[in-house]
Amino acid sequence: MIESRNPYNGELIEKFKEFTNPEIEKALEKADNRFKTWRKSGFQDRAELMNKAAKELEKNKDEYARDISLEMGKPIKQAIAEIEKCAWVCEYYAENAEKHLSNRAIKTDASKSYVSYEPIGVVLAVMPWNYPFWQVFRFAAPALMAGNIGILKHASNVMRSANNIQKVFQRAGFPDSCFQNLVVSSSKIENIVRDKRVKAVTLTGSKPAGAAVASTAGDEIKKSVLELGGSNALVVFKDANLSETVKTCVQARFQNTGQSCIAGKRLLLHESIADEFLEEFLVQVRELKSGDPMDENTFIGTLAREDLAEELETQIKDSVKAGAKIVLGGKRDRAYMEPTVLTDVTSEMSMFKEETFGPAIGVTKFKKDQEAIDLVNLSDFGLGVSIFTENMDFAEKIVPEFEDGAVFINELVKSDPRLPFGGTKISGYGRELSEDGIREFVNKKTVYFK
Ligand code: NDP
């Protein structure tokens, strides 16, 4: 049995019977058969269904959001916002998939030559619990619009949300088996990836999970896309607009109770503004209301599981042992971790080197602009970076210096259906969202007429 437990009070929400091997076999067979007809459906028909999925999300957002909050402790208002964003990505691809996948003419010595973008079949999505709907929809909307079939292996602690997502597509009227949730633990994934009917895999989660799944896919010569988290820096240069920047940095680190791959996890402050910045930053972090995720006024919920909070606590303690100072928070109560700020963090400490997945941030001061750029690039992760400055010429000049998949100027790194999303280094490879995302799982077919 796979269990869903409320991290706020430890209560059991529901138990799910894991699929047996014959049940997995049946699901894969159904998915493969569905592809034969779904690939021939037109963009108009798919768009109509995708718009209906958006409407279903809007209509029942309270129901879906409630289960998210129950299962992984996300404050209810943020869970509702997550559902709304899923409706947006459905609408975006309903409107743009045909354009993104229209033939690309290329002039050659042929009478006509072009590239067409055709669906490849069943794609497996291995997904995490931090945005139980959004992570799945940003895969499913483009995949289905491209004519592919989606099968989902969701994180074990959010199985009710996983079933709810299947329900959204059913309620929208998608043909049976266009999108199926497989109730399976990770031990079943290797065989599923190796199955001939599964053509590719996308995974969002930790490095070990990504390495395991991508190695199997590589062994079978199947494409994979990996989105493996990050340790984004928030770099505040000396000419930044401090009051705006403080607000943005608080959001960047603490929304979703800090459990976001693109959260700003390392705060790099120019030494000349560091004290003034920190003073206001601490005021605003203190104001974040912790509490029951079901309460509309709560901004900081619990972490999704107690072991995740324990891991964060260890990273904080290790950093303190190595010389960092806690200036706010630092205490844990089961799955709850106080919003925590550490100063004097250096590049050897856990708070800097590792991904910290929760409401804790490490502050490092720098003297020279180049030193800040070097500190950003020192990370093994390469998902994104936010830089704060009033000098746009300077910002534009240093953008190429960063090794990350995204640079946001005077803004937190955020995902947007219109923009590609993905990382470099151990943050993974491939892109989600936008035109780049929908073109990951298609056959880019070269066509040549003599
Ligand atoms: P995992 O990476 O273990 O889980 C993510 C998904 O991968 C889940 O569906 C999980 O299933 C599955 N999975 C795990 N191991 C394997 C495997 N060997 N083969 C196939 N599937 C696998 O994340 P955790 O929940 O353990 O979180 C640990 C850390 O990962 C976090 O603290 C954070 O640093 C990072 N993370 C990053 C996320 C991001 O957005 N990039 C999201 C979540 C976590 P199951 O739940 O059944 O194990």
# chains A, B, ... in the order shown; residues from 1 in each chain; ligands from 1

$ residues_near_ligand --ligand "ligand 1" --cutoff "7 Å" --atoms "only C-alpha atoms and all ligand atoms" --output "ChimeraX atom specification"
/A:126-130,153-157,185-187,189-190,203-210,212-213,227-230,260-261,308,355-357

$ write_last_selection --atoms "C-alpha atoms" --output "compact mmCIF listing (two decimals), in the first residue's frame"
# COMPACT_ATOMS: atom_id res chain seq x y z
CA VAL A 126 8.25 10.80 -12.89
CA MET A 127 7.17 13.72 -10.78
CA PRO A 128 7.75 15.24 -7.33
CA TRP A 129 5.47 16.41 -4.56
CA ASN A 130 6.42 20.08 -4.22
CA LYS A 153 4.55 7.99 -11.70
CA HIS A 154 3.92 10.56 -9.04
CA ALA A 155 5.67 10.95 -5.69
CA SER A 156 4.31 8.40 -3.20
CA ASN A 157 3.16 11.06 -0.71
CA SER A 185 6.52 2.91 -6.08
CA SER A 186 9.86 3.84 -7.59
CA SER A 187 11.08 0.22 -7.55
CA ILE A 189 10.08 2.32 -12.65
CA GLU A 190 13.09 0.59 -14.18
CA LEU A 203 11.76 13.43 -14.42
CA THR A 204 11.62 16.25 -11.95
CA GLY A 205 13.19 15.55 -8.57
CA SER A 206 16.51 14.87 -6.90
CA LYS A 207 19.82 14.00 -8.55
CA PRO A 208 19.82 10.34 -7.42
CA ALA A 209 16.32 9.80 -8.84
CA GLY A 210 17.27 11.57 -12.07
CA ALA A 212 18.72 6.29 -11.86
CA VAL A 213 15.95 6.93 -14.36
CA GLU A 227 14.76 18.88 -14.06
CA LEU A 228 16.73 18.25 -10.88
CA GLY A 229 16.51 21.24 -8.69
CA GLY A 230 18.87 24.06 -8.02
CA SER A 260 10.91 24.95 -4.93
CA CYS A 261 13.69 24.05 -7.32
CA LEU A 308 12.68 16.53 4.64
CA GLU A 355 20.24 22.22 -2.35
CA THR A 356 18.28 23.40 0.71
CA PHE A 357 14.62 22.50 0.25

$ select_by_dssp --residues "segment 34-156 of chain A" --states "strand (DSSP E)" --output "number ranges by chain"
A: 104-105, 112-119, 122-126, 149-153

$ closest_atom_pairs --of "segment 250-304 of chain A" --to "segment 3-23 of chain A" --cutoff "10 Å" --atoms "only C-alpha atoms" --output "JSON lines"
{"residue": "A:Gly291", "atom": "CA", "partner": "A:Tyr8", "partner_atom": "CA", "distance": 8.9}
{"residue": "A:Asp292", "atom": "CA", "partner": "A:Tyr8", "partner_atom": "CA", "distance": 7.1}
{"residue": "A:Pro293", "atom": "CA", "partner": "A:Tyr8", "partner_atom": "CA", "distance": 7.6}
{"residue": "A:Met294", "atom": "CA", "partner": "A:Tyr8", "partner_atom": "CA", "distance": 9.7}
{"residue": "A:Gly301", "atom": "CA", "partner": "A:Tyr8", "partner_atom": "CA", "distance": 7.8}
{"residue": "A:Thr302", "atom": "CA", "partner": "A:Tyr8", "partner_atom": "CA", "distance": 5.9}
{"residue": "A:Leu303", "atom": "CA", "partner": "A:Pro7", "partner_atom": "CA", "distance": 7.1}
{"residue": "A:Ala304", "atom": "CA", "partner": "A:Pro7", "partner_atom": "CA", "distance": 5.9}

$ write_last_selection --atoms "all heavy atoms" --output "mmCIF file, in the first residue's frame"
data_model
loop_
_atom_site.group_PDB
_atom_site.id
_atom_site.type_symbol
_atom_site.label_atom_id
_atom_site.label_comp_id
_atom_site.auth_asym_id
_atom_site.auth_seq_id
_atom_site.Cartn_x
_atom_site.Cartn_y
_atom_site.Cartn_z
ATOM 1 N N GLY A 291 1.617 28.438 10.124
ATOM 2 C CA GLY A 291 0.415 27.866 10.741
ATOM 3 C C GLY A 291 -0.205 26.761 9.928
ATOM 4 O O GLY A 291 0.456 26.134 9.082
ATOM 5 N N ASP A 292 -1.480 26.535 10.204
ATOM 6 C CA ASP A 292 -2.245 25.462 9.558
ATOM 7 C C ASP A 292 -2.345 25.753 8.059
ATOM 8 O O ASP A 292 -2.844 26.813 7.664
ATOM 9 C CB ASP A 292 -3.647 25.434 10.198
ATOM 10 C CG ASP A 292 -4.485 24.284 9.657
ATOM 11 O OD1 ASP A 292 -4.082 23.671 8.644
ATOM 12 O OD2 ASP A 292 -5.551 24.020 10.251
ATOM 13 N N PRO A 293 -1.891 24.830 7.218
ATOM 14 C CA PRO A 293 -1.971 25.053 5.773
ATOM 15 C C PRO A 293 -3.393 25.336 5.282
ATOM 16 O O PRO A 293 -3.566 25.978 4.241
ATOM 17 C CB PRO A 293 -1.448 23.739 5.187
ATOM 18 C CG PRO A 293 -0.610 23.143 6.266
ATOM 19 C CD PRO A 293 -1.216 23.568 7.563
ATOM 20 N N MET A 294 -4.388 24.873 6.014
ATOM 21 C CA MET A 294 -5.774 25.093 5.592
ATOM 22 C C MET A 294 -6.266 26.508 5.897
ATOM 23 O O MET A 294 -7.338 26.903 5.449
ATOM 24 C CB MET A 294 -6.693 24.082 6.294
ATOM 25 C CG MET A 294 -6.565 22.701 5.756
ATOM 26 S SD MET A 294 -6.919 22.713 3.984
ATOM 27 C CE MET A 294 -6.435 21.070 3.590
ATOM 28 N N GLY A 301 3.737 26.858 5.600
ATOM 29 C CA GLY A 301 3.107 25.622 6.096
ATOM 30 C C GLY A 301 4.170 24.712 6.686
ATOM 31 O O GLY A 301 5.212 25.170 7.152
ATOM 32 N N THR A 302 3.888 23.430 6.646
ATOM 33 C CA THR A 302 4.921 22.476 7.063
ATOM 34 C C THR A 302 5.670 22.034 5.810
ATOM 35 O O THR A 302 5.221 22.287 4.697
ATOM 36 C CB THR A 302 4.307 21.214 7.688
ATOM 37 O OG1 THR A 302 3.486 20.603 6.690
ATOM 38 C CG2 THR A 302 3.498 21.532 8.913
ATOM 39 N N LEU A 303 6.783 21.357 6.003
ATOM 40 C CA LEU A 303 7.415 20.721 4.859
ATOM 41 C C LEU A 303 6.587 19.476 4.512
ATOM 42 O O LEU A 303 5.734 19.042 5.273
ATOM 43 C CB LEU A 303 8.865 20.364 5.153
ATOM 44 C CG LEU A 303 9.769 21.547 5.502
ATOM 45 C CD1 LEU A 303 11.236 21.208 5.269
ATOM 46 C CD2 LEU A 303 9.436 22.787 4.693
ATOM 47 N N ALA A 304 6.847 18.937 3.336
ATOM 48 C CA ALA A 304 5.971 17.872 2.834
ATOM 49 C C ALA A 304 6.091 16.572 3.625
ATOM 50 O O ALA A 304 5.164 15.765 3.654
ATOM 51 C CB ALA A 304 6.272 17.619 1.364
#

$ residues_around --residues "Ala79 of chain A" --least-positions-apart "2" --cutoff "8 Å" --atoms "only C-alpha atoms" --output "ChimeraX atom specification"
/A:65-66,68-69,74-77,81-83

$ atom_distance --atom1 "atom CA of Gln251 of chain A" --atom2 "atom CA of Val285 of chain A"
9.4 Å

$ atom_distance --atom1 "atom CA of Asp333 of chain A" --atom2 "atom CA of Glu310 of chain A"
9.4 Å

$ select_by_dssp --residues "segment 370-436 of chain A" --states "alpha helix (DSSP H)" --output "JSON, numbers by chain"
{"A": [370, 371, 372, 373, 374, 375, 376, 377, 392, 393, 394, 395, 396, 397, 398, 434, 435, 436]}

$ closest_residue --among "A:Met337, A:Ile221, A:Leu57, A:Val385" --to "Val399 of chain A" --atoms "only C-alpha atoms"
A:Val385

$ atom_distance --atom1 "atom CA of Cys178 of chain A" --atom2 "atom CA of Ala31 of chain A"
6.5 Å

$ closest_residue --among "A:Pro119, A:Gly362, A:Gly218, A:Gly405" --to "Gly382 of chain A" --atoms "only C-alpha atoms"
A:Gly405

$ residues_around --residues "Ala172 of chain A" --least-positions-apart "6" --cutoff "10 Å" --atoms "only C-alpha atoms" --output "ChimeraX atom specification"
/A:48-57

$ closest_residue --among "A:Lys331, A:Ser379, A:Ala211, A:Lys36" --to "Lys317 of chain A" --atoms "only C-alpha atoms"
A:Lys331

$ closest_residue --among "A:Val283, A:Ile262, A:Val193, A:Ile149" --to "Asp176 of chain A" --atoms "only C-alpha atoms"
A:Ile149

$ closest_residue --among "A:Lys265, A:Ala335, A:Pro417, A:Phe237" --to "Asn391 of chain A" --atoms "only C-alpha atoms"
A:Phe237

$ closest_residue --among "A:Tyr336, A:Tyr429, A:Phe402, A:Phe388" --to "Val376 of chain A" --atoms "only C-alpha atoms"
A:Phe402

$ residues_around --residues "Leu234 of chain A" --least-positions-apart "4" --cutoff "10 Å" --atoms "only C-alpha atoms" --output "list in words"
Thr245, Thr248, Cys249, Ala252, Arg253, Ala263, Gly264, Lys265, Arg266, Leu267, Leu268, Leu269, Val363, Ala372, Val376, Gly384, Val385, Ser386, Ile387, Phe388, Phe408, Ile409, Asn410, Glu411, Leu412 and Val413 of chain A

$ residues_around --residues "Tyr92 of chain A" --least-positions-apart "6" --cutoff "12 Å" --atoms "only C-alpha atoms" --output "list in words"
Ala47, Met50, Asn51, Ala53, Ala54, Lys85, Cys86, Glu98, Lys99, His100, Phe137, Arg138, Ala141, Pro142, Met145, Asp416, Pro417, Arg418, Leu419, Leu433, Ser434, Glu435 and Ile438 of chain A
